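Novice: A single structure is presented below for examination.
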Amino acid sequence: MTGPARPLAPGAEAAEAPAAGAPHRPGGGGPDGSGPAGLRGLGDGAPRRVAGAALRRLGGAMLDALLPPHCLTCDAAVASQGTLCAECFRGLHLLAPPFCQRCGVPFVHAGQGGADRTCPACAERPPAFAAARAAFRYDEGAKRLLLPFKHADRTELAGPLAAQMARAAPDLLRRAELVAPVPLHWRRLVARRYNQAALLGARLARGARKPFVPDLLRRLRATPPLGERGAADRAALLEGAFGLRPGAAALVAGRRVLLVDDVMTSGATAEACARVLLAAGAAAVDVLAAARVPDPRLQAEA
Ligand SMILES: [Zn+2]
Ligand SMILES: [Zn+2]
């Protein structure tokens, strides 16, 4: 079950705190009546990169005076840069229990998990990864954040998204020994210029002080969209699609890897990547995504 997103306590974004070159803006949101502060951004656009905390504060204040801050996903005015307006914030659904203990797929009610609190799919065929979690339910509200992040160069959204991912899975981050993104095929990378999963992974690793290896995995061939296909089809399409970067086996051996993606749909991609990492000697693989697509079968059952 998911509820409306709620603003977070100030401590909840601590995972982002040590980020170098990511000045926090003065003031912040929330208690001053500025609206939801749950997605407090980092405001690290180029004009804000100034040396020294005092200068940063001054620079931020001046920039606010020149450019009134607006919502991360719409044009509504907000009190501080890097936050969402009340309406956009209400449209987001943070994932909360009950969900499958294994793959993180949201349940409509706790009874959908068996005795071991896993979904029917995981019970029937346990995934290669140990646990998968996500910050948001992938719905219209999440798309307003994730589509611009993925396709429209809105790379500054990585900070707020990663902060929510860290909040959703502190245990996964804590036990990770290596953080790596789901890779893009190089042709897609050239077209898009950045791998959105790598931007999230870099933020998460920096916040949790874990080693980040952006090119640990490679996409060896492009795959068609997996969308409506069945599980067997998806697995067949992804067979051999991922490989370990040559020479990276020593990095992986015996380590617990946290695999990062922007959207987790069926889990087939995470599964394929986890298999490659485990075959290379990883001790275990966890998966953390910004958003999770609910399983329509579980939703319909309710
Ligand atoms: Zn808005
Ligand atoms: Zn499951």
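Labeling convention for the structure tokens: chains A, B, ... as they appear, residues from 1 per chain, ligands from 1 in order of appearance.
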Can you tell me, as a VMD selection string, what residues are no more than 9 Å from segment 250-260 of chain A when counting only C-alpha atoms, ignoring any on the same chain fewer than 2 positions away?
Specialist: chain A and resid 172 to 173 175 to 182 197 to 198 200 to 201 204 216 247 to 248 262 270 273 to 274 277 to 278 280 to 290
Novice: Compile the contact shell of Gln164 of chain A as a list in words: residues with an atom at most 8 Å away, counting only C-alpha atoms, same-chain residues fewer than 2 positions apart removed.
Specialist: Glu13, Leu39, Ala135, Pro160, Leu161, Ala162, Ala166, Arg167, Ala168 and Ala290 of chain A
Novice: Hey, which residues come within 7 Å of ligand 1 if we count only C-alpha atoms and all ligand atoms? Could you give them as a list in words?
Specialist: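 Counting only C-alpha atoms and all ligand atoms, the residues within 7 Å of ligand 1 come out as Cys71, Leu72, Thr73, Cys74, Asp75, Ala76, Leu84, Cys85, Ala86, Glu87 and Cys88 of chain A.
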Novice: Any chance you could export the current selection's N, CA and C atoms as a CSV table (one decimal), in the first residue's frame?
Specialist:
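Below is the file out.csv, written as the result:
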```csv
chain,number,residue,atom,x,y,z
A,71,CYS,N,9.1,25.2,-8.7
A,71,CYS,CA,8.9,23.7,-8.5
A,71,CYS,C,9.8,22.9,-9.4
A,72,LEU,N,10.3,21.8,-8.9
A,72,LEU,CA,11.2,20.9,-9.7
A,72,LEU,C,10.5,20.4,-11.0
A,73,THR,N,9.2,20.3,-10.9
A,73,THR,CA,8.5,19.7,-12.1
A,73,THR,C,7.4,20.5,-12.7
A,74,CYS,N,7.2,21.7,-12.2
A,74,CYS,CA,6.2,22.6,-12.9
A,74,CYS,C,6.7,24.0,-12.7
A,75,ASP,N,5.9,25.0,-13.1
A,75,ASP,CA,6.3,26.4,-13.0
A,75,ASP,C,5.9,27.1,-11.7
A,76,ALA,N,5.2,26.4,-10.9
A,76,ALA,CA,4.7,27.0,-9.6
A,76,ALA,C,5.8,27.5,-8.8
A,84,LEU,N,9.5,20.6,-4.5
A,84,LEU,CA,8.3,20.5,-5.3
A,84,LEU,C,7.2,21.4,-4.7
A,85,CYS,N,6.3,21.9,-5.6
A,85,CYS,CA,5.1,22.6,-5.0
A,85,CYS,C,4.2,21.6,-4.4
A,86,ALA,N,3.2,22.0,-3.6
A,86,ALA,CA,2.3,21.1,-2.9
A,86,ALA,C,1.6,20.2,-3.8
A,87,GLU,N,1.2,20.7,-4.9
A,87,GLU,CA,0.4,19.8,-5.8
A,87,GLU,C,1.2,18.7,-6.4
A,88,CYS,N,2.4,19.0,-6.9
A,88,CYS,CA,3.3,18.0,-7.5
A,88,CYS,C,3.7,17.0,-6.4
```
Novice: Just want the 12 Å neighbourhood of Lys143 of chain A, counted on only C-alpha atoms, with same-chain residues fewer than 2 positions away dropped. Output as a VMD selection string.
Specialist: chain A and resid 73 88 91 to 93 136 to 141 145 to 151 262 to 263 290 to 293
Novice: Next, the residues of the selection above should be written as an mmCIF file, in the first residue's frame with C-alpha atoms.
Specialist:
```
data_model
loop_
_atom_site.group_PDB
_atom_site.id
_atom_site.type_symbol
_atom_site.label_atom_id
_atom_site.label_comp_id
_atom_site.auth_asym_id
_atom_site.auth_seq_id
_atom_site.Cartn_x
_atom_site.Cartn_y
_atom_site.Cartn_z
ATOM 1 C CA THR A 73 8.518 19.674 -12.066
ATOM 2 C CA CYS A 88 3.296 17.975 -7.459
ATOM 3 C CA GLY A 91 1.080 13.411 -6.824
ATOM 4 C CA LEU A 92 4.069 11.342 -5.669
ATOM 5 C CA HIS A 93 3.598 8.088 -3.809
ATOM 6 C CA PHE A 136 8.318 5.774 -5.440
ATOM 7 C CA ARG A 137 5.485 3.959 -7.078
ATOM 8 C CA TYR A 138 5.889 4.563 -10.825
ATOM 9 C CA ASP A 139 2.731 6.465 -11.700
ATOM 10 C CA GLU A 140 1.779 9.780 -13.287
ATOM 11 C CA GLY A 141 3.264 11.742 -10.409
ATOM 12 C CA LEU A 145 10.011 13.694 -12.157
ATOM 13 C CA LEU A 146 11.502 10.722 -13.957
ATOM 14 C CA LEU A 147 10.749 11.427 -17.605
ATOM 15 C CA PRO A 148 12.417 14.869 -17.616
ATOM 16 C CA PHE A 149 15.296 13.355 -15.658
ATOM 17 C CA LYS A 150 15.712 10.598 -18.223
ATOM 18 C CA HIS A 151 14.971 12.352 -21.476
ATOM 19 C CA ASP A 262 15.891 4.663 -12.381
ATOM 20 C CA VAL A 263 12.774 2.571 -12.971
ATOM 21 C CA ALA A 290 13.965 5.450 -7.975
ATOM 22 C CA ALA A 291 10.562 4.068 -8.919
ATOM 23 C CA ARG A 292 8.833 0.735 -9.134
ATOM 24 C CA VAL A 293 6.068 -0.218 -11.550
#
```
Novice: Between atom CA of Pro246 of chain A and atom CA of Tyr194 of chain A, what is the distance, to one decimal in Å?
Specialist: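 Pair atom CA of Pro246 of chain A / atom CA of Tyr194 of chain A returns 21.3 Å.
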Novice: Each residue of chain A with at least one atom at most 7 Å from ligand 2 should appear once, together with its nearest atom pair and the corresponding distance in Å (one decimal); atoms considered: only C-alpha atoms and all ligand atoms; ordering: chain, then increasing residue number; output as a tab-separated table.
Specialist:
```
residue	atom	partner	partner_atom_place_in_ligand_line	distance
A:Cys100	CA	ligand 2	1 (Zn)	4.6
A:Gln101	CA	ligand 2	1 (Zn)	6.7
A:Arg102	CA	ligand 2	1 (Zn)	5.0
A:Cys103	CA	ligand 2	1 (Zn)	3.9
A:Gly104	CA	ligand 2	1 (Zn)	5.9
A:Val105	CA	ligand 2	1 (Zn)	5.7
A:Thr118	CA	ligand 2	1 (Zn)	5.1
A:Cys119	CA	ligand 2	1 (Zn)	4.2
A:Pro120	CA	ligand 2	1 (Zn)	6.8
A:Ala121	CA	ligand 2	1 (Zn)	5.8
A:Cys122	CA	ligand 2	1 (Zn)	4.3
```
Novice: With N, CA and C atoms retained, could you export that selection as a compact mmCIF listing (two decimals), in the first residue's frame?
Specialist:
```txt
# COMPACT_ATOMS: atom_id res chain seq x y z
N CYS A 100 6.65 -6.88 -1.30
CA CYS A 100 7.38 -8.14 -1.30
C CYS A 100 8.76 -7.94 -0.67
N GLN A 101 9.08 -8.75 0.31
CA GLN A 101 10.37 -8.62 1.01
C GLN A 101 11.54 -8.86 0.07
N ARG A 102 11.26 -9.57 -1.01
CA ARG A 102 12.36 -9.89 -1.93
C ARG A 102 12.48 -8.83 -3.02
N CYS A 103 11.46 -8.72 -3.87
CA CYS A 103 11.59 -7.85 -5.05
C CYS A 103 11.01 -6.46 -4.84
N GLY A 104 10.37 -6.22 -3.70
CA GLY A 104 9.88 -4.88 -3.39
C GLY A 104 8.59 -4.49 -4.08
N VAL A 105 7.98 -5.39 -4.83
CA VAL A 105 6.75 -5.03 -5.55
C VAL A 105 5.66 -4.71 -4.53
N THR A 118 6.72 -12.75 0.66
CA THR A 118 7.16 -12.51 -0.71
C THR A 118 5.97 -12.64 -1.65
N CYS A 119 6.11 -12.04 -2.85
CA CYS A 119 5.03 -12.10 -3.83
C CYS A 119 4.99 -13.50 -4.46
N PRO A 120 3.89 -13.84 -5.12
CA PRO A 120 3.80 -15.17 -5.74
C PRO A 120 4.95 -15.44 -6.72
N ALA A 121 5.36 -14.42 -7.48
CA ALA A 121 6.43 -14.63 -8.46
C ALA A 121 7.74 -15.00 -7.78
N CYS A 122 8.08 -14.29 -6.69
CA CYS A 122 9.33 -14.58 -5.98
C CYS A 122 9.26 -15.93 -5.27
```
Novice: Residues of segment 59-203 of chain A in helix (DSSP H, G or I) according to DSSP, as an MDAnalysis selection string?
Specialist: chainID A and resid 59:66 86:90 110:112 120:124 140:151 155:168 170:175 186:192 196:203
Novice: If you measure from atom CA of Leu95 of chain A to atom CA of Ala134 of chain A, what distance in Å do you get, rounded to one decimal?
Specialist: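 Atom-to-atom, atom CA of Leu95 of chain A to atom CA of Ala134 of chain A, that is 6.9 Å.
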Novice: Find, counting only C-alpha atoms, the residue in A:Thr265, A:Phe212, A:Gly207, A:Ala241 that gets nearest to Arg229 of chain A.
Specialist: A:Thr265
Novice: Find the residues near Arg221 of chain A: any atom within 12 Å, counting only C-alpha atoms, skip ones fewer than 2 places away on the same chain, and give them as an MDAnalysis selection string.
Specialist: chainID A and resid 183:188 218:219 223:224 237:243
Novice: Go ahead and compute the interatomic distance for atom CA of Ala152 of chain A and atom CA of Gly82 of chain A, in Å to one decimal.
Specialist: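 These atoms are spaced 16.8 Å apart.
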Novice: Here is a test: counting only C-alpha atoms, which residue of A:Ala96, A:Val276, A:Ala232, A:Ala208 is nearest to Phe129 of chain A?
Specialist: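 Among A:Ala96, A:Val276, A:Ala232, A:Ala208, it is A:Val276 that comes nearest to Phe129 of chain A.
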Novice: When distances are computed from only C-alpha atoms, which of A:Ala202, A:Ala268, A:His70, A:Glu301 shows the smallest separation from Gly111 of chain A?
Specialist: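 With only C-alpha atoms as the atom set, the closest residue is A:Glu301.
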Novice: I'd like to know which of A:Pro98, A:Pro211, A:Pro106, A:Gly230 is closest to Gln299 of chain A, using only C-alpha atoms.
Specialist: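 Comparing A:Pro98, A:Pro211, A:Pro106, A:Gly230 against Gln299 of chain A, the winner is A:Pro106.
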Novice: Output as a list in words all residues of segment 214-287 of chain A that backbone DSSP marks as strand (DSSP E or B).
Specialist: Leu217, Arg218, Arg219, Phe242, Gly243, Leu244, Arg256, Val257, Leu258, Leu259, Val260, Asp261, Asp262, Val263, Met264, Ala284, Val285, Asp286 and Val287 of chain A
